[in-house]
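Here's the structure, in structure tokens; my notes come after.
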Amino acid sequence: MKRLSFIIILQTLVLLVCAQPKGDPRSISLMDIPIEGPLDTLRQSLLAAQFAEWGQSEDGEDFYFRGNFYGFRSKLMVSVAPETKMVTSAYVTIGPYSTQKMLDKNLQYFLYKLQKDHGTFSQRDDSWFYIDDFGSIKLSVVDNDNGSRDIRVLYLPSVAYYKDALSMGLRGDIQEVVTENAVAEDQFMHFHGNGQIENLDLVDRVYNRYGYLLRARMKEKEGFSTVEYTYDDSYRLTKRTLTNEEAGISYVNSYTYNDQDEVLSQHQKVFDKNGECIMTINMTNNYITRDDNGNWTSNSLTLTYWEKGSATQNTTVLQRRTLSYWE
């Protein structure tokens with residue numbers, strides 16, 4: 001079992017994208033522009049969408065743009081965290097409106113557009129709200145000093161930009177995961193507040209626009225391994241391929257999911273330098289308990305293990321884990 005744990009523990013390293021879907025459903029977006037990540041990355045997306053930048057605040061935390069918001073000329077303020085320059089919010093302002101009739105007409109227009117793109121908004125007082133696992137949107141009306149009124153749309157992302165934890169099936173602002181009887185994951189995992197996994201052996205990381213790791217090299221006892229991941233349109237992992245050319249070994253994992261988008265089963269094949277399959281491991285999860293964030297805390301893992309020259313082995317492992325979160 002110790003050898004088995006060593007082999008399949010590699011699958012819990014940061015997810016790498018080989019073939020990737022277009023867009024990312026795990027973010028709050030302004031007209032298909034994800035409101036998340038480094039300011040420079042969002043700036044490039046806004047400029048490509050014909051927004052023009054025209055200034056910033058003295059403290060360097062707010063940046064101002066002008067452009068079309070669902071066909072209407074608007075102002076956009078993007079706020080960032082002062083130390084990291086990571087986006088914290090986006091605030092769209094349309095107006096001013098001097099008549100109630102025009103205000104009501106355009107307010108209903110923006111509500112229609114927002115609900116078409118995101119889903120049903122709930123109304124509270126004179127504002128409308130949309131909330132999902134990745135952020136929130138608020139549509140409201142504000143009064144100006146001269147008696148006119150503006151329509152404003154506030155975008156607040158709530159998920160970490162880097163999707164290392166999300167790609168492992170973890171939900172919420174994960175800080176640390178400690179697993180008892182870890183077989184299909186590392187025993188200890190620590191994540192930074194921005195969502196990146198702490199792993200000094202994973203070098204030369206390159207992330208895509210949505211915070212998913214595109215490629216990296218992994219330090220091994222014998223040189224480096226490369227890892228490639230394939231996702232479906234919902235950015236659920238469907239296949240992982242890890243190759244160590246110096247050792248002449250490659251590992252290919254495939255994944256299936258249940259209705260809650262949790263990993264239902266994992267199937268691993270190990271190939272030698274000649275392309276011959278020398279090992280297979282089939283794993284099926286039976287989650288028993290979960291915490292308030294929906295992450296499993298106990299799991300019955302069924303394993304079927306075959307190695308060339310040996311008989312097939314079957315076993316069941318009871319796993320428990322403790323999760324802590326960033327405040």
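The way I read the labels, and the way they are meant: chains A, B, ... in the order of the structure tokens, residue 1 as the first residue of every chain, and ligand 1 as the first ligand shown, with later ones counted on from there.
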Residues of region 15-82 of chain A that have any atom at most 8 Å from an atom of region 150-167 of chain A: could you tabulate them with the shortest-distance atom pair and the distance in Å to one decimal, using only C-alpha atoms, ordered by chain and increasing number, as CSV?
```
residue,atom,partner,partner_atom,distance
A:Leu15,CA,A:Ser167,CA,6.2
A:Ser27,CA,A:Pro157,CA,7.1
A:Ile28,CA,A:Pro157,CA,5.9
A:Leu30,CA,A:Tyr155,CA,7.7
A:Ile35,CA,A:Pro157,CA,6.6
A:Glu36,CA,A:Tyr161,CA,6.0
A:Gly37,CA,A:Tyr161,CA,5.3
```
Item to check | All strand (DSSP E or B) residues (DSSP, backbone) inside region 224-269 of chain A, as an NGL selection string | outcome: :A and (224-231 or 237-244 or 249-257 or 263-269)
Item to check | Between CA of Leu237 (chain A) and CA of Thr322 (chain A), distance in Å (one decimal) | outcome: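 Answer for the CA of Leu237 (chain A) to CA of Thr322 (chain A) separation: 23.4 Å.
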Item to check | Nearby residues (only C-alpha atoms) at most 8 Å from Leu242 (chain A), same-chain spacing under 3 positions excluded, as a list of chain:residue names | outcome: A:Ser225, A:Thr226, A:Val227, A:Glu228, A:Ser250, A:Tyr251, A:Val252
Those residues with all heavy atoms, as a short mmCIF file (atom, residue, chain, number, x, y, z; two decimals), in the first residue's frame please?
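Saved as selection-v3.cif:
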```
data_model
loop_
_atom_site.label_atom_id
_atom_site.label_comp_id
_atom_site.auth_asym_id
_atom_site.auth_seq_id
_atom_site.Cartn_x
_atom_site.Cartn_y
_atom_site.Cartn_z
N SER A 225 9.25 15.80 -14.08
CA SER A 225 8.07 15.27 -14.75
C SER A 225 7.28 16.43 -15.34
O SER A 225 7.32 17.54 -14.84
CB SER A 225 7.17 14.49 -13.78
OG SER A 225 7.77 13.28 -13.38
N THR A 226 6.54 16.15 -16.40
CA THR A 226 5.59 17.11 -16.95
C THR A 226 4.19 16.54 -16.75
O THR A 226 4.00 15.33 -16.77
CB THR A 226 5.83 17.35 -18.45
OG1 THR A 226 5.70 16.11 -19.15
CG2 THR A 226 7.22 17.92 -18.68
N VAL A 227 3.23 17.43 -16.53
CA VAL A 227 1.86 17.00 -16.29
C VAL A 227 0.93 17.79 -17.20
O VAL A 227 1.07 18.99 -17.35
CB VAL A 227 1.43 17.22 -14.82
CG1 VAL A 227 0.10 16.53 -14.54
CG2 VAL A 227 2.50 16.72 -13.87
N GLU A 228 -0.03 17.11 -17.79
CA GLU A 228 -1.02 17.74 -18.66
C GLU A 228 -2.41 17.32 -18.23
O GLU A 228 -2.63 16.14 -17.92
CB GLU A 228 -0.78 17.35 -20.13
CG GLU A 228 0.54 17.83 -20.68
CD GLU A 228 0.73 17.44 -22.13
OE1 GLU A 228 -0.02 16.55 -22.59
OE2 GLU A 228 1.62 18.01 -22.80
N SER A 250 4.93 6.83 -17.52
CA SER A 250 3.85 7.80 -17.65
C SER A 250 2.61 7.27 -16.93
O SER A 250 2.38 6.06 -16.88
CB SER A 250 3.52 8.09 -19.12
OG SER A 250 3.07 6.93 -19.78
N TYR A 251 1.84 8.19 -16.36
CA TYR A 251 0.62 7.87 -15.61
C TYR A 251 -0.54 8.60 -16.27
O TYR A 251 -0.47 9.81 -16.49
CB TYR A 251 0.74 8.33 -14.15
CG TYR A 251 1.96 7.83 -13.42
CD1 TYR A 251 3.18 8.49 -13.53
CD2 TYR A 251 1.90 6.69 -12.62
CE1 TYR A 251 4.30 8.04 -12.87
CE2 TYR A 251 3.02 6.23 -11.95
CZ TYR A 251 4.22 6.91 -12.07
OH TYR A 251 5.33 6.46 -11.42
N VAL A 252 -1.60 7.89 -16.58
CA VAL A 252 -2.78 8.48 -17.21
C VAL A 252 -3.98 8.23 -16.30
O VAL A 252 -4.34 7.08 -16.06
CB VAL A 252 -3.05 7.91 -18.61
CG1 VAL A 252 -4.29 8.55 -19.21
CG2 VAL A 252 -1.84 8.12 -19.52
#
```
Item to check | Interatomic distance (Å, one decimal) between CA of Val177 (chain A) and CA of Phe191 (chain A) | outcome: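 Atom-to-atom, CA of Val177 (chain A) to CA of Phe191 (chain A), that is 8.7 Å.
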Item to check | Given only C-alpha atoms as the counted atoms, nearest of A:Phe69, A:Tyr325, A:Trp306, A:Tyr235 to Gln268 (chain A) | outcome: A:Trp306
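The shortest atom-to-atom distance to Gly169 (chain A), with only C-alpha atoms taken into account, belongs to A:Asp261 out of A:Asp261, A:Glu61, A:Asp272, A:Asp233.
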Next on the checklist: At a cut-off of 10 Å, using only C-alpha atoms, what residues contact Ser140 (chain A)? Leave out same-chain residues fewer than 2 positions from it and give the result as JSON, numbers by chain.
Outcome noted: {"A": [93, 107, 111, 123, 125, 126, 127, 128, 129, 137, 138, 142, 150, 151, 152, 153, 154]}
